[in-house]
file work-v2.txt (compact mmCIF, C-alpha atoms)
# COMPACT_ATOMS: atom_id res chain seq x y z
CA MET W 1 -12.27 56.50 11.90
CA THR W 2 -13.03 53.18 13.55
CA ILE W 3 -12.38 49.84 11.88
CA SER W 4 -16.13 49.40 11.38
CA GLU W 5 -16.40 52.85 9.81
CA ALA W 6 -13.46 52.02 7.55
CA GLN W 7 -15.14 48.80 6.41
CA LYS W 8 -18.32 50.74 5.64
CA ALA W 9 -16.42 53.51 3.81
CA VAL W 10 -14.62 50.99 1.61
CA ASP W 11 -17.88 49.18 0.87
CA LYS W 12 -19.57 52.48 -0.01
CA TRP W 13 -16.76 53.33 -2.43
CA ILE W 14 -16.95 49.86 -3.99
CA GLN W 15 -20.74 50.12 -4.43
CA GLU W 16 -20.72 53.68 -5.79
CA ILE W 17 -17.49 53.88 -7.79
CA GLY W 18 -15.76 50.52 -8.05
CA LYS W 19 -19.07 48.78 -8.86
CA ARG W 20 -17.91 45.39 -7.57
CA TYR W 21 -15.30 43.70 -5.44
CA PHE W 22 -12.50 41.84 -7.15
CA SER W 23 -12.61 38.13 -6.35
CA PRO W 24 -11.06 37.10 -3.03
CA LEU W 25 -8.28 35.38 -4.95
CA THR W 26 -7.50 38.55 -6.91
CA ASN W 27 -7.59 40.59 -3.70
CA MET W 28 -5.19 38.11 -2.07
CA ALA W 29 -2.81 38.60 -5.00
CA LEU W 30 -3.19 42.39 -4.64
CA LEU W 31 -2.46 42.14 -0.92
CA THR W 32 0.73 40.26 -1.74
CA GLU W 33 1.66 42.90 -4.32
CA GLU W 34 1.04 45.78 -1.90
CA THR W 35 3.02 44.01 0.82
CA GLY W 36 5.93 43.70 -1.61
CA GLU W 37 5.72 47.42 -2.34
CA LEU W 38 5.89 48.15 1.40
CA ALA W 39 8.86 45.78 1.72
CA ARG W 40 10.67 47.65 -1.06
CA VAL W 41 10.19 51.01 0.70
CA ILE W 42 11.23 49.59 4.09
CA ALA W 43 14.32 47.91 2.60
CA ARG W 44 15.43 51.15 0.98
CA THR W 45 14.60 53.32 3.98
CA TYR W 46 15.79 51.20 6.91
CA GLY W 47 17.72 48.38 5.24
CA ASP W 48 20.96 48.11 3.37
CA GLN W 49 19.58 48.76 -0.09
CA VAL W 50 20.21 52.16 -1.59
CA PRO W 51 17.19 53.48 -3.48
CA LYS W 52 17.60 54.00 -7.18
CA GLU W 53 15.78 56.77 -9.01
CA GLY W 54 12.04 56.15 -8.93
CA ASP W 55 12.11 53.65 -6.03
CA LEU W 56 10.57 56.16 -3.64
CA ARG W 57 7.79 58.55 -4.59
CA HIS W 58 8.79 60.87 -1.76
CA PRO W 59 12.56 60.45 -1.38
CA GLU W 60 12.74 63.48 0.91
CA ASN W 61 10.21 61.88 3.27
CA SER W 62 10.00 58.11 2.96
CA LYS W 63 7.40 58.01 5.76
CA GLU W 64 4.92 59.26 3.16
CA ASP W 65 5.74 56.25 0.98
CA ILE W 66 5.38 53.92 3.97
CA ALA W 67 2.05 55.52 4.90
CA GLU W 68 0.75 55.13 1.34
CA GLU W 69 1.74 51.47 1.18
CA LEU W 70 0.27 50.69 4.61
CA ALA W 71 -2.98 52.38 3.57
CA ASP W 72 -3.05 50.35 0.35
CA ILE W 73 -2.59 47.16 2.39
CA LEU W 74 -5.33 48.20 4.79
CA TRP W 75 -7.67 48.91 1.85
CA VAL W 76 -7.24 45.39 0.48
CA VAL W 77 -7.61 43.83 3.94
CA LEU W 78 -10.86 45.78 4.40
CA CYS W 79 -12.07 44.58 1.00
CA LEU W 80 -11.29 40.96 1.89
CA ALA W 81 -13.07 41.31 5.22
CA ASN W 82 -16.13 42.87 3.60
CA GLN W 83 -16.48 40.32 0.86
CA THR W 84 -16.05 37.39 3.23
CA GLY W 85 -18.40 38.79 5.88
CA ILE W 86 -15.75 39.34 8.56
CA ASP W 87 -16.27 41.99 11.24
CA LEU W 88 -12.68 43.13 11.68
CA THR W 89 -13.40 44.87 14.98
CA SER W 90 -14.53 41.59 16.52
CA ALA W 91 -11.70 39.68 14.85
CA LEU W 92 -9.07 42.10 16.18
CA GLU W 93 -10.58 42.04 19.67
CA ALA W 94 -10.46 38.22 19.63
CA SER W 95 -6.86 38.29 18.41
CA LEU W 96 -5.81 40.70 21.16
CA LYS W 97 -7.54 38.57 23.80
CA LYS W 98 -5.72 35.49 22.49
CA LYS W 99 -2.38 37.27 22.58
CA TYR W 100 -2.95 38.56 26.13
CA THR W 101 -3.74 35.07 27.38
CA ARG W 102 -1.46 32.89 25.26
CA ASP W 103 1.55 35.19 25.29
CA LYS W 104 1.28 36.91 28.67
CA ASN W 105 4.52 35.32 29.91
CA ARG W 106 6.14 34.63 26.56
CA PHE W 107 8.42 37.67 26.51
CA ASN W 108 9.64 37.55 30.13
CA SER W 109 12.74 35.59 29.15
CA PRO W 110 16.04 37.12 30.32
CA GLU W 111 17.36 36.69 26.73
CA LEU W 112 14.95 39.36 25.59
call {"tool": "encode", "arguments": {"input": "work-v2.txt", "output": "structure tokens"}}
result
Amino acid sequence: MTISEAQKAVDKWIQEIGKRYFSPLTNMALLTEETGELARVIARTYGDQVPKEGDLRHPENSKEDIAEELADILWVVLCLANQTGIDLTSALEASLKKKYTRDKNRFNSPEL
């Protein structure tokens, strides 16, 4: 699925099932919430925190939890893009171009 197809799929779901987008402010709060959920999984999977019962939905395979949280974040980002009229394909292409020009020599330092 391309980014454009993903934006269209989310919009189709919103129109047919969700009935409306949450406000951009609510979606920003949801994005923050979902990012926190991803941080919790990452901290308990790769960090020093030991998960307590219920922290991970898939304790035997935390990659499933990470995938779910990343997908939730992507969903909200797609919603925000749709409701603000942003073509994420073009935005990502512009961001990559900026990084290739601005940062092309940034990581050549011997300290890295």
call {"tool": "residues_near_point", "arguments": {"input": "work-v2.txt", "point": "(-6.5, 48.0, 0.2)", "cutoff": "12 Å", "atoms": "all atoms listed in the file", "output": "number ranges by chain"}}
result
W: 6-7, 9-11, 13-14, 21-22, 26-35, 68-82
call {"tool": "atom_distance", "arguments": {"input": "work-v2.txt", "atom1": "CA of Tyr100 in chain W", "atom2": "CA of Glu5 in chain W"}}
result
25.5 Å
call {"tool": "closest_residue", "arguments": {"input": "work-v2.txt", "among": "W:Arg40, W:Arg20, W:Lys104, W:Lys98", "to": "Arg57 in chain W", "atoms": "all atoms listed in the file"}}
result
W:Arg40
call {"tool": "atom_distance", "arguments": {"input": "work-v2.txt", "atom1": "CA of Glu37 in chain W", "atom2": "CA of Leu92 in chain W"}}
result
24.3 Å
call {"tool": "atom_distance", "arguments": {"input": "work-v2.txt", "atom1": "CA of Ser90 in chain W", "atom2": "CA of Ile3 in chain W"}}
result
9.7 Å
